[in-house]
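Novice: One structure coming up, written as structure tokens, with questions to follow.
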Amino acid sequence: MHELELREACPAAKGSGSAFGAANLDRWKAVYEAVVEWHNAGASQAPEVVADIESRIFATWDPVQRAILVELFTAYRRLHHPGVTDVDVNPEGGRWDHRETNTKVTVGVQLDVHDGGNWEAVRIKTGRSGTTELEAAAFYRPGEQRILVDVQLSADDRVTIPRPDPDASGRLLVDVARRWDATIDRPHNRVAGLHCYSCDRPARCGQYPVIEGGVGDIGRWTRTIRISKTRLAALERCQRSSLWPALYAIPKDDPDEGESTSAGLALGNSFHEAVAAALLAEDPDAVFGAACDTVPKSEADDLQSLFDRHGRLWESEAHPVTAHNTEYQFGVTLVVDGLAADSRGITRSKPVAVTMMCATDVNGWESENVAAVVEHRTGVASKALDNEADLYAASAWAALDQTGRDVDGVAVHFHHLRNDPPECERHFFDSEEVGRAIRRLQTVAARIAALHPQDATEPLANPGQWCEWCEWVHRCLEHRD
Ligand code: SF4
Ligand code: SF4
Ligand SMILES: [Zn+2]
């Protein structure tokens with residue numbers, strides 16, 4: 001389903017991508033192997049049996065990821081109920097075929113478990129997502145006796161997936177098959193957005209152009225690292241908090257906190273959306289006012305005051321900007337020397353693609369020859385970090401270069417809306433300064449690419465006041481020397 005949504009959002013997402021690390025999947029495989037061994041050993045809870053399996057299967061992992069594997073394996077054993085009479089570790093999954101469009105939906109199942117009168121098809125889940133409606137529809141075909149069960153290890157839960165209504169299931173499957181079919185012959189136009197973070201083509205599709213190199217340099221097997229502007233900024237403070245998620249998919253301490261929907265962040269998001277719509281409208285006040293009507297009163301006042309501050313700053317600018325588009329997702333890809341692991345886990349020096357991504361609040365022009373990028377800062381003001389300005393400037397320069405438009409420079413504005421009075425922090429990059437920004441980013445990229453792709457102990461912890469907001473603080477404390 002995710003693949004379908006991605007293709008619908010961006011038709012260019014269907015070409016071949018490059019090699020992203022799949023730490024989550026690798027950990028899932030290790031846990032599954034341990035589960036199978038454990039069943040083969042009679043599902044004994046004896047500590048020596050468990051310790052033996054853990055020491056053999058998890059031995060090659062670094063201590064940080066080994067601790068995660070042990071947590072997940074422990075959760076599995078806790079969730080396994082004792083009434084089980086028979087376990088098949090090699091069961092058949094579910095499958096649905098649509099001849100008309102030649103589409104199929106498959107549902108992987110890891111264990112068949114007989115438990116008194118029940119027959120369960122068990123899916124082992126180490127991440128947060130469970131069986132989808134579509135998968136349930138494809139699994140429960142007429143005649144399917146088994147009950148589908150998700151064993152959610154990170155949530156410590158067993159979830160029975162109910163048998164859906166057959167007519168509704170049939171409609172859902174056919175609809176998805178048709179939607180998939182409709183994506184096949186669409187022209188390969190790029191439509192960038194947040195979905196780029198789940199696409200494996202950013203180093204090759206051209207939206208994040210390769211700097212000083214051709215797209216041909218990056219192949220199917222080129223190790224690729226994707227890093228957002230937020231993580232790049234975090235890197236200046238603490239490698240670990242930035243690269244644990246970006247390189248090793250280390251789960252947050254409390255996954256339920258999700259994308260951190262703190263009040264401040266939610267307000268920031270509403271503001272960015274509303275102002276993006278208003279900036280390109282003929283009557284910005286009306287558009288912004290309409291957006292305020294959709295949020296609670298307390299929030300609306302705060303939004304309005306931010307908008308007023310934004311307006312004042314926009315009008316009193318020493319270098320006024322004419323907005324061209326808003327909320328634009330772009331970036332650059334830097335190919336640097338680094339380490340890449342082969343299928344047996346052996347690492348070698350190889351070129352590594354590091355794709356750095358950002359979204360601007362506003363793209364526009366200060367003058368005919370000076371492009372501008374504006375970021376609205378709605379949090380407590382602090383000076384922008386070097387990486388952030390460098391990334392915006394390099395991305396804008398590369399995007400303009402693609403269109404063949406010659407410019408004298410790129411101005412990056414950070415608008416600190418909470419300052420009194422609101423303040424514009426402007427960085428100007430002429431072509432030489434863009435060159436220096438690119439070299440600084442290349443140095444950062446090389447530092448990231450030189451870390452062992454599978455050893456999560458390599459990025460260094462750098463404790464500081466930022467630990468207060470860190471979402472890995474408990475795990476980090478357990479793994480400090
Ligand atoms: S990275 Fe983004 S723009 Fe490029 S193909 Fe993927 S979804 Fe489309
Ligand atoms: S707790 Fe502090 S030192 Fe540890 S990863 Fe987070 S920010 Fe870095
Ligand atoms: Zn400005």
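Chain labels A, B, ... are given in the sequence in which chains occur in the structure tokens; within each chain residues are numbered consecutively from 1, and ligands are likewise numbered from 1 in the order shown.
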Can you pull out every residue within 9 Å of Ile218 of chain A, counting only C-alpha atoms, but drop anything in the same chain fewer than 4 positions away, and send it as JSON, numbers by chain?

Specialist: {"A": [18, 203, 204, 210, 214, 222, 223, 224, 335, 351, 352, 353]}

Novice: Quick one: write out the picked residues with N, CA and C atoms as a PDB file, in the first residue's frame?

Specialist:
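Heads up, here's the output in result_21.pdb:
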ATOM      1  N   SER A  18      18.532   3.386  -5.187  1.00  0.00           N
ATOM      2  CA  SER A  18      19.875   3.001  -4.772  1.00  0.00           C
ATOM      3  C   SER A  18      19.773   2.331  -3.400  1.00  0.00           C
ATOM      4  N   ALA A 203      18.689   9.922  -4.681  1.00  0.00           N
ATOM      5  CA  ALA A 203      20.033  10.162  -5.218  1.00  0.00           C
ATOM      6  C   ALA A 203      20.053  10.029  -6.737  1.00  0.00           C
ATOM      7  N   ARG A 204      18.940   9.549  -7.315  1.00  0.00           N
ATOM      8  CA  ARG A 204      18.964   9.281  -8.749  1.00  0.00           C
ATOM      9  C   ARG A 204      17.900  10.012  -9.554  1.00  0.00           C
ATOM     10  N   VAL A 210      23.045  15.512  -8.010  1.00  0.00           N
ATOM     11  CA  VAL A 210      24.393  15.136  -7.617  1.00  0.00           C
ATOM     12  C   VAL A 210      25.302  16.312  -7.911  1.00  0.00           C
ATOM     13  N   GLY A 214      27.930  13.000 -12.205  1.00  0.00           N
ATOM     14  CA  GLY A 214      26.767  12.661 -13.019  1.00  0.00           C
ATOM     15  C   GLY A 214      25.893  11.685 -12.289  1.00  0.00           C
ATOM     16  N   THR A 222      24.808   1.512  -4.988  1.00  0.00           N
ATOM     17  CA  THR A 222      25.556   2.547  -4.269  1.00  0.00           C
ATOM     18  C   THR A 222      24.925   2.772  -2.898  1.00  0.00           C
ATOM     19  N   ARG A 223      25.748   2.661  -1.868  1.00  0.00           N
ATOM     20  CA  ARG A 223      25.212   2.930  -0.532  1.00  0.00           C
ATOM     21  C   ARG A 223      24.731   4.374  -0.479  1.00  0.00           C
ATOM     22  N   THR A 224      23.532   4.572   0.009  1.00  0.00           N
ATOM     23  CA  THR A 224      22.954   5.911   0.044  1.00  0.00           C
ATOM     24  C   THR A 224      22.492   6.236   1.461  1.00  0.00           C
ATOM     25  N   VAL A 335      28.538  12.895  -3.415  1.00  0.00           N
ATOM     26  CA  VAL A 335      29.162  11.562  -3.468  1.00  0.00           C
ATOM     27  C   VAL A 335      30.544  11.692  -2.845  1.00  0.00           C
ATOM     28  N   PRO A 351      32.544   4.699  -2.899  1.00  0.00           N
ATOM     29  CA  PRO A 351      31.821   5.980  -2.962  1.00  0.00           C
ATOM     30  C   PRO A 351      30.438   5.806  -2.331  1.00  0.00           C
ATOM     31  N   VAL A 352      30.065   6.763  -1.519  1.00  0.00           N
ATOM     32  CA  VAL A 352      28.768   6.715  -0.837  1.00  0.00           C
ATOM     33  C   VAL A 352      28.001   7.982  -1.212  1.00  0.00           C
ATOM     34  N   ALA A 353      26.724   7.814  -1.514  1.00  0.00           N
ATOM     35  CA  ALA A 353      25.893   8.987  -1.842  1.00  0.00           C
ATOM     36  C   ALA A 353      25.209   9.472  -0.566  1.00  0.00           C
TER      37      ALA A 353
END

Novice: Using only C-alpha atoms and all ligand atoms, which residues have at least one atom no more than 12 Å from ligand 3? Output them as a PDB file with C-alpha atoms, in the first residue's frame.

Specialist:
ATOM      1  CA  HIS A 310       5.605  38.056   9.957  1.00  0.00           C
ATOM      2  CA  GLY A 311       3.798  40.826   8.072  1.00  0.00           C
ATOM      3  CA  ARG A 312       5.724  43.576   9.859  1.00  0.00           C
ATOM      4  CA  LEU A 313       9.038  41.877   9.164  1.00  0.00           C
ATOM      5  CA  TRP A 314       8.140  41.177   5.542  1.00  0.00           C
ATOM      6  CA  GLU A 315       7.301  44.852   4.973  1.00  0.00           C
ATOM      7  CA  SER A 316      10.296  46.330   6.751  1.00  0.00           C
ATOM      8  CA  GLU A 317      12.835  43.997   5.076  1.00  0.00           C
ATOM      9  CA  ALA A 318      16.097  45.603   4.002  1.00  0.00           C
ATOM     10  CA  HIS A 319      16.105  43.028   1.187  1.00  0.00           C
ATOM     11  CA  PRO A 320      12.433  42.362   0.351  1.00  0.00           C
ATOM     12  CA  VAL A 321      11.569  39.014  -1.200  1.00  0.00           C
ATOM     13  CA  THR A 322       8.947  38.299  -3.839  1.00  0.00           C
ATOM     14  CA  ALA A 323       7.551  34.841  -3.140  1.00  0.00           C
ATOM     15  CA  ASP A 361       9.043  27.912   3.586  1.00  0.00           C
ATOM     16  CA  VAL A 362       9.408  30.356   0.696  1.00  0.00           C
ATOM     17  CA  ASN A 363      11.393  30.342  -2.517  1.00  0.00           C
ATOM     18  CA  GLY A 364      11.525  33.642  -4.304  1.00  0.00           C
ATOM     19  CA  TRP A 365      13.622  36.507  -5.561  1.00  0.00           C
ATOM     20  CA  GLU A 366      15.230  39.541  -4.005  1.00  0.00           C
ATOM     21  CA  ALA A 372      16.015  33.941  -2.016  1.00  0.00           C
ATOM     22  CA  VAL A 373      15.043  31.226   0.416  1.00  0.00           C
ATOM     23  CA  VAL A 374      13.099  32.136   3.547  1.00  0.00           C
ATOM     24  CA  GLU A 375      12.596  30.036   6.659  1.00  0.00           C
ATOM     25  CA  HIS A 376      10.088  31.106   9.307  1.00  0.00           C
ATOM     26  CA  ARG A 377      11.215  30.315  12.801  1.00  0.00           C
ATOM     27  CA  ALA A 411      20.193  34.919  -0.071  1.00  0.00           C
ATOM     28  CA  VAL A 412      19.047  32.741   2.803  1.00  0.00           C
ATOM     29  CA  HIS A 413      16.735  34.474   5.279  1.00  0.00           C
ATOM     30  CA  PHE A 414      15.898  33.099   8.700  1.00  0.00           C
ATOM     31  CA  HIS A 415      12.931  35.024  10.075  1.00  0.00           C
ATOM     32  CA  HIS A 416      12.945  34.861  13.856  1.00  0.00           C
ATOM     33  CA  LEU A 417       9.315  35.714  14.488  1.00  0.00           C
ATOM     34  CA  PRO A 422      10.939  40.111  14.842  1.00  0.00           C
ATOM     35  CA  GLU A 423      14.258  39.809  13.117  1.00  0.00           C
ATOM     36  CA  CYS A 424      15.697  38.715   9.774  1.00  0.00           C
ATOM     37  CA  GLU A 425      19.005  36.850   9.858  1.00  0.00           C
ATOM     38  CA  ARG A 426      20.290  37.007   6.278  1.00  0.00           C
ATOM     39  CA  HIS A 427      23.178  35.014   4.802  1.00  0.00           C
ATOM     40  CA  PHE A 428      24.306  35.903   1.290  1.00  0.00           C
TER      41      PHE A 428
END

Novice: Can you tell me, as an NGL selection string, what residues are no more than 9 Å from segment 386-395 of chain A when counting only C-alpha atoms, ignoring any on the same chain fewer than 2 positions away?

Specialist: :A and (208-209 or 229-230 or 232-233 or 235-236 or 330-332 or 356-360 or 372-373 or 384 or 397-400 or 409-414 or 427-429 or 434-438 or 440-441 or 444)

Novice: Store the residues picked out above, limited to C-alpha atoms, as a PDB file, in the first residue's frame.

Specialist:
ATOM      1  CA  TYR A 208      18.370  16.225  -5.144  1.00  0.00           C
ATOM      2  CA  PRO A 209      20.996  16.721  -7.867  1.00  0.00           C
ATOM      3  CA  LYS A 229      18.008  19.405   7.508  1.00  0.00           C
ATOM      4  CA  THR A 230      16.793  18.831  11.071  1.00  0.00           C
ATOM      5  CA  LEU A 232      21.957  17.800   9.883  1.00  0.00           C
ATOM      6  CA  ALA A 233      21.440  20.616  12.375  1.00  0.00           C
ATOM      7  CA  LEU A 235      24.726  16.780  14.012  1.00  0.00           C
ATOM      8  CA  GLU A 236      26.406  20.033  14.989  1.00  0.00           C
ATOM      9  CA  PHE A 330      14.618  19.930  -2.540  1.00  0.00           C
ATOM     10  CA  GLY A 331      18.272  19.292  -1.678  1.00  0.00           C
ATOM     11  CA  VAL A 332      21.585  17.984  -2.938  1.00  0.00           C
ATOM     12  CA  MET A 356      20.646  16.026   2.112  1.00  0.00           C
ATOM     13  CA  MET A 357      17.049  17.170   2.052  1.00  0.00           C
ATOM     14  CA  CYS A 358      15.235  20.271   3.167  1.00  0.00           C
ATOM     15  CA  ALA A 359      11.955  22.066   2.590  1.00  0.00           C
ATOM     16  CA  THR A 360      11.900  25.832   2.278  1.00  0.00           C
ATOM     17  CA  ALA A 372      16.015  33.941  -2.016  1.00  0.00           C
ATOM     18  CA  VAL A 373      15.043  31.226   0.416  1.00  0.00           C
ATOM     19  CA  ALA A 384      20.641  29.377  12.597  1.00  0.00           C
ATOM     20  CA  TRP A 397      21.959  26.961  -6.446  1.00  0.00           C
ATOM     21  CA  ALA A 398      21.758  23.372  -7.758  1.00  0.00           C
ATOM     22  CA  ALA A 399      18.064  23.722  -8.598  1.00  0.00           C
ATOM     23  CA  LEU A 400      18.685  26.984 -10.497  1.00  0.00           C
ATOM     24  CA  GLY A 409      23.765  34.642  -5.677  1.00  0.00           C
ATOM     25  CA  VAL A 410      21.327  33.134  -3.217  1.00  0.00           C
ATOM     26  CA  ALA A 411      20.193  34.919  -0.071  1.00  0.00           C
ATOM     27  CA  VAL A 412      19.047  32.741   2.803  1.00  0.00           C
ATOM     28  CA  HIS A 413      16.735  34.474   5.279  1.00  0.00           C
ATOM     29  CA  PHE A 414      15.898  33.099   8.700  1.00  0.00           C
ATOM     30  CA  HIS A 427      23.178  35.014   4.802  1.00  0.00           C
ATOM     31  CA  PHE A 428      24.306  35.903   1.290  1.00  0.00           C
ATOM     32  CA  PHE A 429      26.021  33.341  -0.922  1.00  0.00           C
ATOM     33  CA  VAL A 434      28.218  28.557  -2.539  1.00  0.00           C
ATOM     34  CA  GLY A 435      31.382  26.636  -3.490  1.00  0.00           C
ATOM     35  CA  ARG A 436      32.624  26.957   0.102  1.00  0.00           C
ATOM     36  CA  ALA A 437      29.208  25.880   1.444  1.00  0.00           C
ATOM     37  CA  ILE A 438      29.320  22.796  -0.772  1.00  0.00           C
ATOM     38  CA  ARG A 440      31.662  22.287   4.080  1.00  0.00           C
ATOM     39  CA  LEU A 441      28.698  19.997   3.354  1.00  0.00           C
ATOM     40  CA  VAL A 444      30.088  16.678   6.860  1.00  0.00           C
TER      41      VAL A 444
END

Novice: Produce a table with one row for each residue of chain A that has an atom at most 9 Å from any atom of ligand 2, each row naming the nearest atom pair and its distance in Å at one decimal; use only C-alpha atoms and all ligand atoms; arrange rows by chain and rising residue number; format as JSON lines.

Specialist:
{"residue": "A:Ala234", "atom": "CA", "partner": "ligand 2", "partner_atom_place_in_ligand_line": "7 (S)", "distance": 8.4}
{"residue": "A:Arg237", "atom": "CA", "partner": "ligand 2", "partner_atom_place_in_ligand_line": "7 (S)", "distance": 7.5}
{"residue": "A:Cys238", "atom": "CA", "partner": "ligand 2", "partner_atom_place_in_ligand_line": "8 (Fe)", "distance": 4.8}
{"residue": "A:Gln239", "atom": "CA", "partner": "ligand 2", "partner_atom_place_in_ligand_line": "8 (Fe)", "distance": 6.8}
{"residue": "A:Arg240", "atom": "CA", "partner": "ligand 2", "partner_atom_place_in_ligand_line": "5 (S)", "distance": 4.6}
{"residue": "A:Ser241", "atom": "CA", "partner": "ligand 2", "partner_atom_place_in_ligand_line": "5 (S)", "distance": 4.0}
{"residue": "A:Ser242", "atom": "CA", "partner": "ligand 2", "partner_atom_place_in_ligand_line": "5 (S)", "distance": 7.6}
{"residue": "A:Leu243", "atom": "CA", "partner": "ligand 2", "partner_atom_place_in_ligand_line": "5 (S)", "distance": 9.0}
{"residue": "A:Trp244", "atom": "CA", "partner": "ligand 2", "partner_atom_place_in_ligand_line": "5 (S)", "distance": 7.9}
{"residue": "A:Leu460", "atom": "CA", "partner": "ligand 2", "partner_atom_place_in_ligand_line": "8 (Fe)", "distance": 7.7}
{"residue": "A:Ala461", "atom": "CA", "partner": "ligand 2", "partner_atom_place_in_ligand_line": "3 (S)", "distance": 4.1}
{"residue": "A:Asn462", "atom": "CA", "partner": "ligand 2", "partner_atom_place_in_ligand_line": "3 (S)", "distance": 4.3}
{"residue": "A:Pro463", "atom": "CA", "partner": "ligand 2", "partner_atom_place_in_ligand_line": "3 (S)", "distance": 3.7}
{"residue": "A:Gly464", "atom": "CA", "partner": "ligand 2", "partner_atom_place_in_ligand_line": "2 (Fe)", "distance": 6.1}
{"residue": "A:Gln465", "atom": "CA", "partner": "ligand 2", "partner_atom_place_in_ligand_line": "2 (Fe)", "distance": 7.7}
{"residue": "A:Trp466", "atom": "CA", "partner": "ligand 2", "partner_atom_place_in_ligand_line": "7 (S)", "distance": 5.4}
{"residue": "A:Cys467", "atom": "CA", "partner": "ligand 2", "partner_atom_place_in_ligand_line": "2 (Fe)", "distance": 3.7}
{"residue": "A:Glu468", "atom": "CA", "partner": "ligand 2", "partner_atom_place_in_ligand_line": "1 (S)", "distance": 7.3}
{"residue": "A:Trp469", "atom": "CA", "partner": "ligand 2", "partner_atom_place_in_ligand_line": "7 (S)", "distance": 7.5}
{"residue": "A:Cys470", "atom": "CA", "partner": "ligand 2", "partner_atom_place_in_ligand_line": "6 (Fe)", "distance": 4.5}
{"residue": "A:Glu471", "atom": "CA", "partner": "ligand 2", "partner_atom_place_in_ligand_line": "6 (Fe)", "distance": 6.7}
{"residue": "A:Trp472", "atom": "CA", "partner": "ligand 2", "partner_atom_place_in_ligand_line": "6 (Fe)", "distance": 5.4}
{"residue": "A:Val473", "atom": "CA", "partner": "ligand 2", "partner_atom_place_in_ligand_line": "1 (S)", "distance": 3.8}
{"residue": "A:His474", "atom": "CA", "partner": "ligand 2", "partner_atom_place_in_ligand_line": "1 (S)", "distance": 7.1}
{"residue": "A:Arg475", "atom": "CA", "partner": "ligand 2", "partner_atom_place_in_ligand_line": "4 (Fe)", "distance": 7.9}
{"residue": "A:Cys476", "atom": "CA", "partner": "ligand 2", "partner_atom_place_in_ligand_line": "4 (Fe)", "distance": 4.6}
{"residue": "A:Leu477", "atom": "CA", "partner": "ligand 2", "partner_atom_place_in_ligand_line": "4 (Fe)", "distance": 6.6}
{"residue": "A:His479", "atom": "CA", "partner": "ligand 2", "partner_atom_place_in_ligand_line": "4 (Fe)", "distance": 8.9}
{"residue": "A:Arg480", "atom": "CA", "partner": "ligand 2", "partner_atom_place_in_ligand_line": "4 (Fe)", "distance": 8.3}

Novice: Using only N, CA and C atoms, please write the residues we just selected to a file, as an mmCIF file, in the first residue's frame.

Specialist:
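New file result06.cif:
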data_model
loop_
_atom_site.group_PDB
_atom_site.id
_atom_site.type_symbol
_atom_site.label_atom_id
_atom_site.label_comp_id
_atom_site.auth_asym_id
_atom_site.auth_seq_id
_atom_site.Cartn_x
_atom_site.Cartn_y
_atom_site.Cartn_z
ATOM 1 N N ALA A 234 21.120 18.823 14.010
ATOM 2 C CA ALA A 234 21.406 18.107 15.269
ATOM 3 C C ALA A 234 22.845 17.603 15.292
ATOM 4 N N ARG A 237 25.446 19.380 17.135
ATOM 5 C CA ARG A 237 25.457 19.313 18.607
ATOM 6 C C ARG A 237 25.877 17.927 19.074
ATOM 7 N N CYS A 238 25.212 16.888 18.537
ATOM 8 C CA CYS A 238 25.489 15.535 19.027
ATOM 9 C C CYS A 238 25.316 14.550 17.873
ATOM 10 N N GLN A 239 26.421 13.886 17.493
ATOM 11 C CA GLN A 239 26.388 12.916 16.390
ATOM 12 C C GLN A 239 25.352 11.826 16.630
ATOM 13 N N ARG A 240 25.326 11.357 17.885
ATOM 14 C CA ARG A 240 24.487 10.213 18.187
ATOM 15 C C ARG A 240 23.001 10.504 17.961
ATOM 16 N N SER A 241 22.522 11.632 18.470
ATOM 17 C CA SER A 241 21.087 11.914 18.352
ATOM 18 C C SER A 241 20.708 12.131 16.887
ATOM 19 N N SER A 242 21.663 12.570 16.083
ATOM 20 C CA SER A 242 21.377 12.795 14.674
ATOM 21 C C SER A 242 21.443 11.496 13.875
ATOM 22 N N LEU A 243 22.474 10.688 14.143
ATOM 23 C CA LEU A 243 22.741 9.554 13.259
ATOM 24 C C LEU A 243 22.147 8.227 13.749
ATOM 25 N N TRP A 244 21.773 8.141 15.018
ATOM 26 C CA TRP A 244 21.065 6.921 15.429
ATOM 27 C C TRP A 244 19.815 6.725 14.578
ATOM 28 N N LEU A 460 29.321 9.448 18.076
ATOM 29 C CA LEU A 460 29.653 9.765 19.460
ATOM 30 C C LEU A 460 28.548 10.549 20.156
ATOM 31 N N ALA A 461 28.373 10.219 21.432
ATOM 32 C CA ALA A 461 27.442 10.983 22.255
ATOM 33 C C ALA A 461 28.144 12.264 22.688
ATOM 34 N N ASN A 462 27.443 13.367 22.630
ATOM 35 C CA ASN A 462 28.019 14.616 23.112
ATOM 36 C C ASN A 462 26.996 15.305 24.018
ATOM 37 N N PRO A 463 26.985 14.889 25.299
ATOM 38 C CA PRO A 463 25.958 15.414 26.198
ATOM 39 C C PRO A 463 26.033 16.928 26.345
ATOM 40 N N GLY A 464 24.879 17.521 26.487
ATOM 41 C CA GLY A 464 24.802 18.968 26.658
ATOM 42 C C GLY A 464 23.368 19.315 27.014
ATOM 43 N N GLN A 465 23.047 20.599 26.989
ATOM 44 C CA GLN A 465 21.688 20.968 27.386
ATOM 45 C C GLN A 465 20.641 20.382 26.425
ATOM 46 N N TRP A 466 21.070 20.060 25.200
ATOM 47 C CA TRP A 466 20.160 19.487 24.195
ATOM 48 C C TRP A 466 19.652 18.105 24.589
ATOM 49 N N CYS A 467 20.324 17.416 25.546
ATOM 50 C CA CYS A 467 19.859 16.086 25.972
ATOM 51 C C CYS A 467 18.428 16.171 26.512
ATOM 52 N N GLU A 468 18.077 17.359 27.037
ATOM 53 C CA GLU A 468 16.761 17.531 27.620
ATOM 54 C C GLU A 468 15.630 17.191 26.637
ATOM 55 N N TRP A 469 15.829 17.475 25.343
ATOM 56 C CA TRP A 469 14.782 17.208 24.356
ATOM 57 C C TRP A 469 15.069 15.941 23.565
ATOM 58 N N CYS A 470 16.116 15.228 23.927
ATOM 59 C CA CYS A 470 16.528 14.088 23.097
ATOM 60 C C CYS A 470 15.571 12.918 23.293
ATOM 61 N N GLU A 471 15.197 12.317 22.188
ATOM 62 C CA GLU A 471 14.234 11.213 22.265
ATOM 63 C C GLU A 471 14.910 9.850 22.416
ATOM 64 N N TRP A 472 16.227 9.879 22.598
ATOM 65 C CA TRP A 472 16.972 8.617 22.772
ATOM 66 C C TRP A 472 17.704 8.613 24.102
ATOM 67 N N VAL A 473 17.295 9.505 25.012
ATOM 68 C CA VAL A 473 18.119 9.747 26.193
ATOM 69 C C VAL A 473 18.296 8.495 27.060
ATOM 70 N N HIS A 474 17.246 7.685 27.231
ATOM 71 C CA HIS A 474 17.401 6.491 28.082
ATOM 72 C C HIS A 474 18.358 5.497 27.460
ATOM 73 N N ARG A 475 18.151 5.254 26.173
ATOM 74 C CA ARG A 475 19.018 4.288 25.489
ATOM 75 C C ARG A 475 20.464 4.802 25.465
ATOM 76 N N CYS A 476 20.581 6.096 25.279
ATOM 77 C CA CYS A 476 21.913 6.689 25.234
ATOM 78 C C CYS A 476 22.627 6.491 26.573
ATOM 79 N N LEU A 477 21.908 6.725 27.680
ATOM 80 C CA LEU A 477 22.526 6.589 29.012
ATOM 81 C C LEU A 477 22.975 5.156 29.268
ATOM 82 N N HIS A 479 24.217 3.245 27.180
ATOM 83 C CA HIS A 479 25.381 2.913 26.348
ATOM 84 C C HIS A 479 26.408 4.033 26.355
ATOM 85 N N ARG A 480 26.695 4.544 27.536
ATOM 86 C CA ARG A 480 27.782 5.537 27.644
ATOM 87 C C ARG A 480 28.928 4.882 28.377
#

Novice: List all protein, DNA and RNA residues that have at least one atom no more than 7 Å from any atom of ligand 1, counting only C-alpha atoms and all ligand atoms, and write them as a ChimeraX atom specification.

Specialist: /A:6,10-13,190-193,195-196,199-202,205-207

Novice: Just C-alpha atoms for this one: save the residues we selected as a short mmCIF file (atom, residue, chain, number, x, y, z; two decimals), in the first residue's frame.

Specialist:
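Saved file out09.cif follows:
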data_model
loop_
_atom_site.label_atom_id
_atom_site.label_comp_id
_atom_site.auth_asym_id
_atom_site.auth_seq_id
_atom_site.Cartn_x
_atom_site.Cartn_y
_atom_site.Cartn_z
CA LEU A 6 4.24 6.78 -3.04
CA CYS A 10 5.17 11.02 -7.38
CA PRO A 11 5.12 9.18 -10.72
CA ALA A 12 8.95 9.34 -10.87
CA ALA A 13 9.17 7.13 -7.78
CA ARG A 190 8.73 14.38 -10.31
CA VAL A 191 6.55 15.64 -7.50
CA ALA A 192 8.66 16.13 -4.40
CA GLY A 193 7.29 16.27 -0.90
CA HIS A 195 7.01 11.26 0.70
CA CYS A 196 10.59 11.62 -0.62
CA CYS A 199 11.39 6.77 -1.55
CA ASP A 200 14.64 5.03 -2.51
CA ARG A 201 15.30 7.25 -5.55
CA PRO A 202 16.40 10.64 -4.17
CA CYS A 205 15.75 11.07 -9.66
CA GLY A 206 17.28 14.55 -10.07
CA GLN A 207 15.27 16.34 -7.38
#

Novice: Select from segment 95-308 of chain A everything DSSP, run on the backbone, classes as strand (DSSP E or B), then give the selection as number ranges by chain.

Specialist: A: 95-98, 103-107, 111-115, 118-125, 147-152, 157-161, 210, 223-228

Novice: Just want the 8 Å neighbourhood of segment 142-159 of chain A, counted on only C-alpha atoms, with same-chain residues fewer than 5 positions away dropped. Output as a list in words.

Specialist: Leu72, Phe73, Ala75, Tyr76, Leu79, Asn118, Trp119, Glu120, Ala121, Val122, Arg123, Ile124, Lys125, Thr126, Gly127, Arg128, Gly130, Thr131 and Ala136 of chain A

Novice: Just the residues within 8 Å of Ile57 of chain A, please, counting only C-alpha atoms, with nothing from its chain fewer than 3 positions along; format it as a list in words.

Specialist: Ala30, Glu33, Ala34, Ile53, Glu54 and Thr60 of chain A

Novice: Quick one: write out the picked residues with N, CA and C atoms as a short mmCIF file (atom, residue, chain, number, x, y, z; two decimals), in the first residue's frame?

Specialist:
data_model
loop_
_atom_site.label_atom_id
_atom_site.label_comp_id
_atom_site.auth_asym_id
_atom_site.auth_seq_id
_atom_site.Cartn_x
_atom_site.Cartn_y
_atom_site.Cartn_z
N ALA A 30 17.00 -11.08 12.35
CA ALA A 30 17.73 -11.71 13.47
C ALA A 30 16.76 -12.18 14.55
N GLU A 33 15.00 -15.28 13.32
CA GLU A 33 15.88 -16.45 13.40
C GLU A 33 15.92 -16.99 14.83
N ALA A 34 16.00 -16.08 15.79
CA ALA A 34 16.03 -16.50 17.20
C ALA A 34 14.72 -17.17 17.59
N ILE A 53 20.82 -19.20 22.59
CA ILE A 53 20.31 -18.67 21.31
C ILE A 53 20.79 -17.22 21.12
N GLU A 54 20.64 -16.44 22.18
CA GLU A 54 21.04 -15.02 22.07
C GLU A 54 22.53 -14.90 21.76
N THR A 60 27.14 -11.02 16.53
CA THR A 60 27.90 -10.10 15.69
C THR A 60 27.37 -8.66 15.75
#
